[in-house]
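**Q** Input coords24.txt, format and content: compact mmCIF, C-alpha atoms.
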# COMPACT_ATOMS: atom_id res chain seq x y z
CA MET A 1 15.33 0.73 11.72
CA THR A 2 18.56 -0.94 10.61
CA ASN A 3 20.89 0.64 8.12
CA ALA A 4 19.88 -2.08 5.67
CA ASN A 5 16.25 -1.01 5.99
CA ALA A 6 17.15 2.64 5.57
CA GLN A 7 19.18 1.82 2.47
CA GLU A 8 16.29 -0.12 0.95
CA LEU A 9 13.83 2.68 1.71
CA ALA A 10 16.19 5.20 0.12
CA ALA A 11 16.50 2.97 -2.95
CA ILE A 12 12.72 2.59 -3.22
CA GLU A 13 12.22 6.35 -2.94
CA ALA A 14 14.99 7.05 -5.45
CA ALA A 15 13.34 4.72 -7.97
CA VAL A 16 10.06 6.63 -7.67
CA VAL A 17 11.76 10.02 -7.87
CA ASN A 18 13.57 8.81 -10.99
CA TYR A 19 10.19 7.94 -12.52
CA LEU A 20 8.51 11.21 -11.55
CA THR A 21 11.32 13.35 -12.91
CA SER A 22 11.71 11.23 -16.06
CA PHE A 23 7.98 11.68 -16.67
CA VAL A 24 8.23 15.47 -16.52
CA ARG A 25 11.28 15.33 -18.82
CA MET A 26 9.17 13.25 -21.22
CA ASP A 27 11.98 10.68 -21.37
CA GLY A 28 10.13 7.64 -22.65
CA ASP A 29 13.02 5.18 -22.37
CA ALA A 30 13.73 6.21 -18.78
CA VAL A 31 10.04 6.04 -17.84
CA VAL A 32 9.51 2.60 -19.34
CA GLY A 33 12.77 1.44 -17.74
CA CYS A 34 11.27 2.21 -14.32
CA TYR A 35 8.73 -0.63 -14.73
CA THR A 36 8.92 -4.39 -14.26
CA ASP A 37 8.24 -6.42 -17.41
CA ASP A 38 4.71 -7.08 -16.13
CA GLY A 39 4.30 -3.50 -14.88
CA VAL A 40 0.84 -1.92 -14.90
CA LEU A 41 -0.07 1.75 -15.38
CA MET A 42 -3.48 2.90 -14.15
CA ALA A 43 -4.04 6.57 -14.97
CA PRO A 44 -7.05 8.78 -15.63
CA GLY A 45 -8.66 8.59 -19.04
CA ARG A 46 -7.73 5.10 -20.21
CA PRO A 47 -7.97 1.47 -19.06
CA ALA A 48 -4.96 -0.11 -17.38
CA THR A 49 -1.90 -0.58 -19.55
CA VAL A 50 -0.48 -4.01 -18.71
CA GLY A 51 3.08 -4.95 -19.60
CA LYS A 52 6.17 -2.93 -20.29
CA ALA A 53 5.89 -3.52 -24.05
CA ASN A 54 2.76 -1.36 -24.22
CA LEU A 55 3.85 1.47 -21.96
CA GLY A 56 6.05 3.53 -24.26
CA GLU A 57 3.24 4.15 -26.72
CA VAL A 58 0.81 5.18 -23.99
CA TYR A 59 3.18 7.68 -22.40
CA GLN A 60 4.00 9.16 -25.81
CA ALA A 61 0.26 9.54 -26.51
CA VAL A 62 -0.09 11.54 -23.27
CA TRP A 63 2.93 13.74 -23.99
CA ASP A 64 1.69 14.39 -27.55
CA VAL A 65 -1.29 16.20 -26.00
CA VAL A 66 0.01 17.68 -22.74
CA THR A 67 3.31 19.01 -21.42
CA PHE A 68 3.65 18.69 -17.64
CA ASP A 69 5.60 20.93 -15.27
CA MET A 70 5.14 19.26 -11.89
CA LYS A 71 6.92 19.20 -8.55
CA TYR A 72 6.65 16.05 -6.44
CA THR A 73 6.24 15.38 -2.73
CA VAL A 74 6.88 11.89 -1.37
CA HIS A 75 4.49 11.19 1.51
CA GLU A 76 5.33 7.63 2.46
CA VAL A 77 7.83 4.89 1.64
CA LEU A 78 7.29 1.36 2.98
CA GLN A 79 9.11 -1.90 2.45
CA THR A 80 6.53 -4.65 2.90
CA SER A 81 8.79 -7.65 2.26
CA GLU A 82 12.29 -8.39 1.03
CA ASP A 83 11.34 -7.55 -2.53
CA TRP A 84 8.10 -5.54 -2.32
CA GLY A 85 7.41 -1.99 -1.22
CA LEU A 86 5.10 0.93 -1.76
CA VAL A 87 5.29 4.68 -2.14
CA ARG A 88 2.66 7.39 -1.92
CA SER A 89 3.36 10.77 -3.48
CA SER A 90 1.60 13.80 -4.86
CA THR A 91 2.52 16.14 -7.68
CA GLU A 92 1.55 19.74 -8.23
CA GLY A 93 2.21 22.14 -11.08
CA THR A 94 0.82 22.91 -14.50
CA GLU A 95 -0.31 21.13 -17.62
CA THR A 96 0.10 22.88 -20.96
CA ILE A 97 -2.28 21.75 -23.68
CA ASN A 98 0.11 21.52 -26.61
CA ALA A 99 -2.48 22.28 -29.30
CA SER A 100 -3.72 25.53 -27.74
CA GLY A 101 -0.89 26.55 -25.42
CA GLU A 102 -3.40 26.81 -22.59
CA VAL A 103 -1.76 26.39 -19.16
CA ILE A 104 -3.85 24.72 -16.44
CA PRO A 105 -2.94 24.21 -12.75
CA ALA A 106 -2.94 20.51 -11.89
CA ARG A 107 -2.54 18.29 -8.83
CA TYR A 108 -2.27 14.52 -8.87
CA GLN A 109 -1.57 11.80 -6.30
CA GLU A 110 0.26 8.55 -6.92
CA LEU A 111 0.36 5.07 -5.41
CA PHE A 112 3.33 2.92 -6.45
CA VAL A 113 3.72 -0.78 -5.70
CA MET A 114 7.42 -1.47 -6.11
CA ARG A 115 9.22 -4.77 -6.66
CA LYS A 116 12.91 -5.51 -6.38
CA GLU A 117 14.29 -7.49 -9.30
CA ALA A 118 17.97 -8.30 -9.74
CA GLY A 119 18.79 -5.77 -7.03
CA LYS A 120 16.80 -2.93 -8.60
CA TRP A 121 13.50 -1.45 -7.34
CA LEU A 122 10.99 -1.18 -10.19
CA MET A 123 7.35 -0.13 -10.59
CA ALA A 124 5.17 -3.24 -10.55
CA ARG A 125 1.78 -1.55 -10.25
CA TYR A 126 1.08 2.19 -10.41
CA CYS A 127 -2.17 4.12 -10.03
CA THR A 128 -2.59 7.88 -10.18
CA CYS A 129 -5.61 10.15 -9.94
CA LYS A 130 -6.21 13.85 -10.31
CA ILE A 131 -6.81 15.85 -7.12
CA ASP A 132 -8.01 18.91 -9.04
CA MET B 133 -0.13 -23.04 -6.01
CA THR B 134 -0.85 -24.69 -2.67
CA ASN B 135 -4.31 -24.81 -1.16
CA ALA B 136 -3.11 -22.37 1.49
CA ASN B 137 -2.17 -19.90 -1.23
CA ALA B 138 -5.48 -20.39 -2.98
CA GLN B 139 -7.35 -19.81 0.27
CA GLU B 140 -5.43 -16.60 0.94
CA LEU B 141 -6.05 -15.33 -2.59
CA ALA B 142 -9.74 -16.08 -2.22
CA ALA B 143 -9.79 -14.21 1.10
CA ILE B 144 -8.00 -11.21 -0.41
CA GLU B 145 -10.42 -11.09 -3.33
CA ALA B 146 -13.43 -11.49 -1.03
CA ALA B 147 -12.26 -8.53 1.05
CA VAL B 148 -12.10 -6.34 -2.04
CA VAL B 149 -15.47 -7.54 -3.33
CA ASN B 150 -16.94 -6.77 0.10
CA TYR B 151 -15.59 -3.22 -0.20
CA LEU B 152 -16.80 -2.67 -3.76
CA THR B 153 -20.30 -3.91 -3.02
CA SER B 154 -20.51 -2.05 0.32
CA PHE B 155 -19.51 1.13 -1.54
CA VAL B 156 -22.37 0.77 -4.02
CA ARG B 157 -24.77 0.03 -1.13
CA MET B 158 -23.51 3.26 0.52
CA ASP B 159 -22.91 1.31 3.72
CA GLY B 160 -20.46 3.59 5.51
CA ASP B 161 -19.75 1.30 8.46
CA ALA B 162 -19.01 -1.64 6.18
CA VAL B 163 -16.80 0.48 3.90
CA VAL B 164 -14.76 1.94 6.75
CA GLY B 165 -14.52 -1.53 8.31
CA CYS B 166 -12.71 -2.72 5.16
CA TYR B 167 -9.69 -0.50 5.99
CA THR B 168 -6.74 -0.88 8.35
CA ASP B 169 -6.53 1.76 11.08
CA ASP B 170 -3.86 3.57 9.04
CA GLY B 171 -5.69 2.96 5.75
CA VAL B 172 -5.38 5.52 2.97
CA LEU B 173 -7.95 6.44 0.31
CA MET B 174 -6.70 8.13 -2.85
CA ALA B 175 -9.61 9.03 -5.14
CA PRO B 176 -10.28 11.69 -7.77
CA GLY B 177 -11.16 15.16 -6.59
CA ARG B 178 -9.55 15.31 -3.16
CA PRO B 179 -6.16 14.80 -1.50
CA ALA B 180 -5.45 11.46 0.16
CA THR B 181 -7.54 10.63 3.22
CA VAL B 182 -5.18 9.07 5.77
CA GLY B 183 -6.48 7.04 8.68
CA LYS B 184 -9.70 5.17 9.28
CA ALA B 185 -11.02 7.90 11.58
CA ASN B 186 -11.36 10.31 8.63
CA LEU B 187 -12.79 7.93 6.06
CA GLY B 188 -16.44 7.79 7.07
CA GLU B 189 -16.93 11.50 6.57
CA VAL B 190 -15.27 11.48 3.17
CA TYR B 191 -17.35 8.60 1.84
CA GLN B 192 -20.54 10.25 3.11
CA ALA B 193 -19.54 13.48 1.36
CA VAL B 194 -19.24 11.55 -1.92
CA TRP B 195 -22.56 9.74 -1.46
CA ASP B 196 -24.29 13.03 -0.59
CA VAL B 197 -23.56 14.18 -4.15
CA VAL B 198 -23.57 11.01 -6.26
CA THR B 199 -25.33 7.63 -6.20
CA PHE B 200 -23.32 4.87 -7.88
CA ASP B 201 -24.64 1.81 -9.69
CA MET B 202 -21.49 -0.08 -10.65
CA LYS B 203 -20.51 -3.64 -11.53
CA TYR B 204 -16.99 -4.80 -10.71
CA THR B 205 -14.44 -6.95 -12.50
CA VAL B 206 -11.42 -8.26 -10.59
CA HIS B 207 -8.41 -8.40 -12.91
CA GLU B 208 -5.64 -9.59 -10.62
CA VAL B 209 -5.11 -10.86 -7.07
CA LEU B 210 -1.57 -11.28 -5.72
CA GLN B 211 -0.21 -12.21 -2.33
CA THR B 212 3.19 -10.55 -2.06
CA SER B 213 4.12 -11.75 1.46
CA GLU B 214 2.50 -13.53 4.38
CA ASP B 215 0.50 -10.44 5.28
CA TRP B 216 0.52 -8.21 2.19
CA GLY B 217 -1.25 -8.50 -1.13
CA LEU B 218 -2.69 -6.47 -3.97
CA VAL B 219 -5.77 -6.44 -6.17
CA ARG B 220 -6.54 -4.67 -9.43
CA SER B 221 -10.13 -4.21 -10.47
CA SER B 222 -12.32 -2.04 -12.62
CA THR B 223 -15.90 -0.89 -12.19
CA GLU B 224 -18.44 0.14 -14.77
CA GLY B 225 -21.95 1.50 -14.49
CA THR B 226 -23.64 4.80 -13.85
CA GLU B 227 -23.41 7.76 -11.53
CA THR B 228 -26.57 9.65 -10.67
CA ILE B 229 -26.07 13.26 -9.64
CA ASN B 230 -28.43 13.45 -6.67
CA ALA B 231 -29.23 17.15 -7.03
CA SER B 232 -30.31 16.96 -10.67
CA GLY B 233 -31.14 13.30 -11.20
CA GLU B 234 -28.80 13.26 -14.18
CA VAL B 235 -27.45 9.77 -14.94
CA ILE B 236 -23.93 9.54 -16.37
CA PRO B 237 -22.09 6.41 -17.58
CA ALA B 238 -18.91 5.90 -15.57
CA ARG B 239 -15.88 3.60 -15.56
CA TYR B 240 -13.20 3.50 -12.89
CA GLN B 241 -10.19 1.32 -12.12
CA GLU B 242 -8.88 0.42 -8.68
CA LEU B 243 -5.57 -0.59 -7.14
CA PHE B 244 -5.78 -2.06 -3.63
CA VAL B 245 -2.81 -2.79 -1.37
CA MET B 246 -4.12 -5.25 1.19
CA ARG B 247 -2.74 -6.16 4.60
CA LYS B 248 -3.66 -9.08 6.81
CA GLU B 249 -4.28 -8.11 10.43
CA ALA B 250 -5.52 -10.55 13.07
CA GLY B 251 -6.39 -13.03 10.32
CA LYS B 252 -8.40 -10.55 8.26
CA TRP B 253 -7.42 -8.95 4.94
CA LEU B 254 -7.96 -5.19 5.02
CA MET B 255 -7.37 -2.23 2.70
CA ALA B 256 -4.09 -0.58 3.66
CA ARG B 257 -3.72 1.71 0.65
CA TYR B 258 -6.27 2.25 -2.12
CA CYS B 259 -6.10 4.38 -5.25
CA THR B 260 -8.80 4.73 -7.90
CA CYS B 261 -9.04 6.78 -11.07
CA LYS B 262 -11.72 7.39 -13.65
CA ILE B 263 -11.32 5.68 -17.02
CA ASP B 264 -14.07 7.82 -18.60
Go ahead and render the structure in this file as structure tokens.
**A**
Amino acid sequence: MTNANAQELAAIEAAVVNYLTSFVRMDGDAVVGCYTDDGVLMAPGRPATVGKANLGEVYQAVWDVVTFDMKYTVHEVLQTSEDWGLVRSSTEGTETINASGEVIPARYQELFVMRKEAGKWLMARYCTCKID
Amino acid sequence: MTNANAQELAAIEAAVVNYLTSFVRMDGDAVVGCYTDDGVLMAPGRPATVGKANLGEVYQAVWDVVTFDMKYTVHEVLQTSEDWGLVRSSTEGTETINASGEVIPARYQELFVMRKEAGKWLMARYCTCKID
């Protein structure tokens, strides 16, 4: 692997870590800023959200109901072309149901398709599912 | 779009349709044959299954519990490089719990990262989550 490759892989991973940590912080602007303009979110419980313009509202709707305290593990980072890559990760921690205060253990896994735009790696397509 | 592009997109979509229909038919050999050797399945209820060698057992474990009757819709097909592409789809239908016979409406969505190997488009990474 060349240094250029290693730098790109590090940048791809950093972009995903920025998303995962911004999500737990419930930082809507940071989370939405992780996506391309045509970015797509596919998460349990709702149809795909297509386009950056719609993402902020959807994330806020999730955070209105649940507070997440999750730690991430990155399992794989690949660059598949000059401006495309992918990342697989999993997250493990707790969900607190805001209305009741109930705390539930939770594990998810994530597949990110990343695209480089204007020198920045962004989330182009993202799908996550619950492990348990 | 050139004809070559159109042909590749059609081949990518056909590979995904072959998977989705083989899954409903519970055809384990066909399903596993849709994956690359290092293919990864990320589905609700279990950690990622990594590598074609482990996939057959996991699919059979799912089919032992549930029989699916699902129709698919392909929402997007992209070729991101000569030998990589992606597909978004959703599926809607019913799940029958084999033990009880109970029939439950079900909707899922799917994100496929496809790779071309020896002229054939295969599933390299696949994540699905339940819409409801």
**Q** When you count only C-alpha atoms, which of these residues is closest to B:Pro237: B:Ala142, B:Ile263, B:Leu152, B:Val172?
**A** B:Ile263
**Q** Would you list the contacts of stretch 143-146 of chain B as a list in words, taking every protein, DNA or RNA residue within 9 Å and counting all atoms listed in the file, but skipping same-chain residues closer than 4 positions in sequence?
**A**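 Once the nearby chain positions are removed, what remains is Ala138, Gln139, Asn150, Tyr151, Val206, Glu208, Val209, Leu210, Gln211, Gly217, Leu218, Val219, Met246, Arg247, Lys248, Lys252, Trp253 and Leu254 of chain B.
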**Q** Using only C-alpha atoms, please write the residues we just selected to a file, as a short mmCIF file (atom, residue, chain, number, x, y, z; two decimals), in the frame of the given file.
**A**
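New file selection_26.cif:
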data_model
loop_
_atom_site.label_atom_id
_atom_site.label_comp_id
_atom_site.auth_asym_id
_atom_site.auth_seq_id
_atom_site.Cartn_x
_atom_site.Cartn_y
_atom_site.Cartn_z
CA ALA B 138 -5.48 -20.39 -2.98
CA GLN B 139 -7.35 -19.81 0.27
CA ASN B 150 -16.94 -6.77 0.10
CA TYR B 151 -15.59 -3.22 -0.20
CA VAL B 206 -11.42 -8.26 -10.59
CA GLU B 208 -5.64 -9.59 -10.62
CA VAL B 209 -5.11 -10.86 -7.07
CA LEU B 210 -1.57 -11.28 -5.72
CA GLN B 211 -0.21 -12.21 -2.33
CA GLY B 217 -1.25 -8.50 -1.13
CA LEU B 218 -2.69 -6.47 -3.97
CA VAL B 219 -5.77 -6.44 -6.17
CA MET B 246 -4.12 -5.25 1.19
CA ARG B 247 -2.74 -6.16 4.60
CA LYS B 248 -3.66 -9.08 6.81
CA LYS B 252 -8.40 -10.55 8.26
CA TRP B 253 -7.42 -8.95 4.94
CA LEU B 254 -7.96 -5.19 5.02
#
**Q** Kindly give the distance, in Å, that separates atom CA of B:Val149 and atom CA of B:Trp216, rounded to a single decimal.
**A**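 Result for atom CA of B:Val149 versus atom CA of B:Trp216: 16.9 Å, one decimal.
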**Q** In Å, rounded to a single decimal, give me how far atom CA of A:Gln109 is from atom CA of A:Leu9.
**A**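 Here the two named atoms are 19.6 Å from each other.
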**Q** Determine which residues of chain B sit within 8 Å of chain A, taking into account all atoms listed in the file, and present them as a list in words.
**A**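 Result, ordered by chain then number: Met174, Ala175, Pro176, Gly177, Arg178, Pro179, Ala180, Thr212, Ser213, Trp216, Gln241, Glu242, Leu243, Tyr258, Cys259, Thr260, Cys261, Lys262, Ile263 and Asp264 of chain B.
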**Q** May I have the centre and edge lengths, in Å to one decimal, of an axis-aligned box around the listed atoms of stretch 180-194 of chain B with 5 Å added to every side, as lines of an AutoDock Vina configuration file?
**A**
center_x = -12.9
center_y = 9.3
center_z = 4.8
size_x = 25.4
size_y = 18.3
size_z = 23.5
**Q** Which is closer to B:Arg157 than all the others in B:Thr181, B:Thr205, B:Thr199, B:Asn230, using all atoms listed in the file?
**A**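 Looking at the shortest contact to B:Arg157, the residue is B:Thr199.
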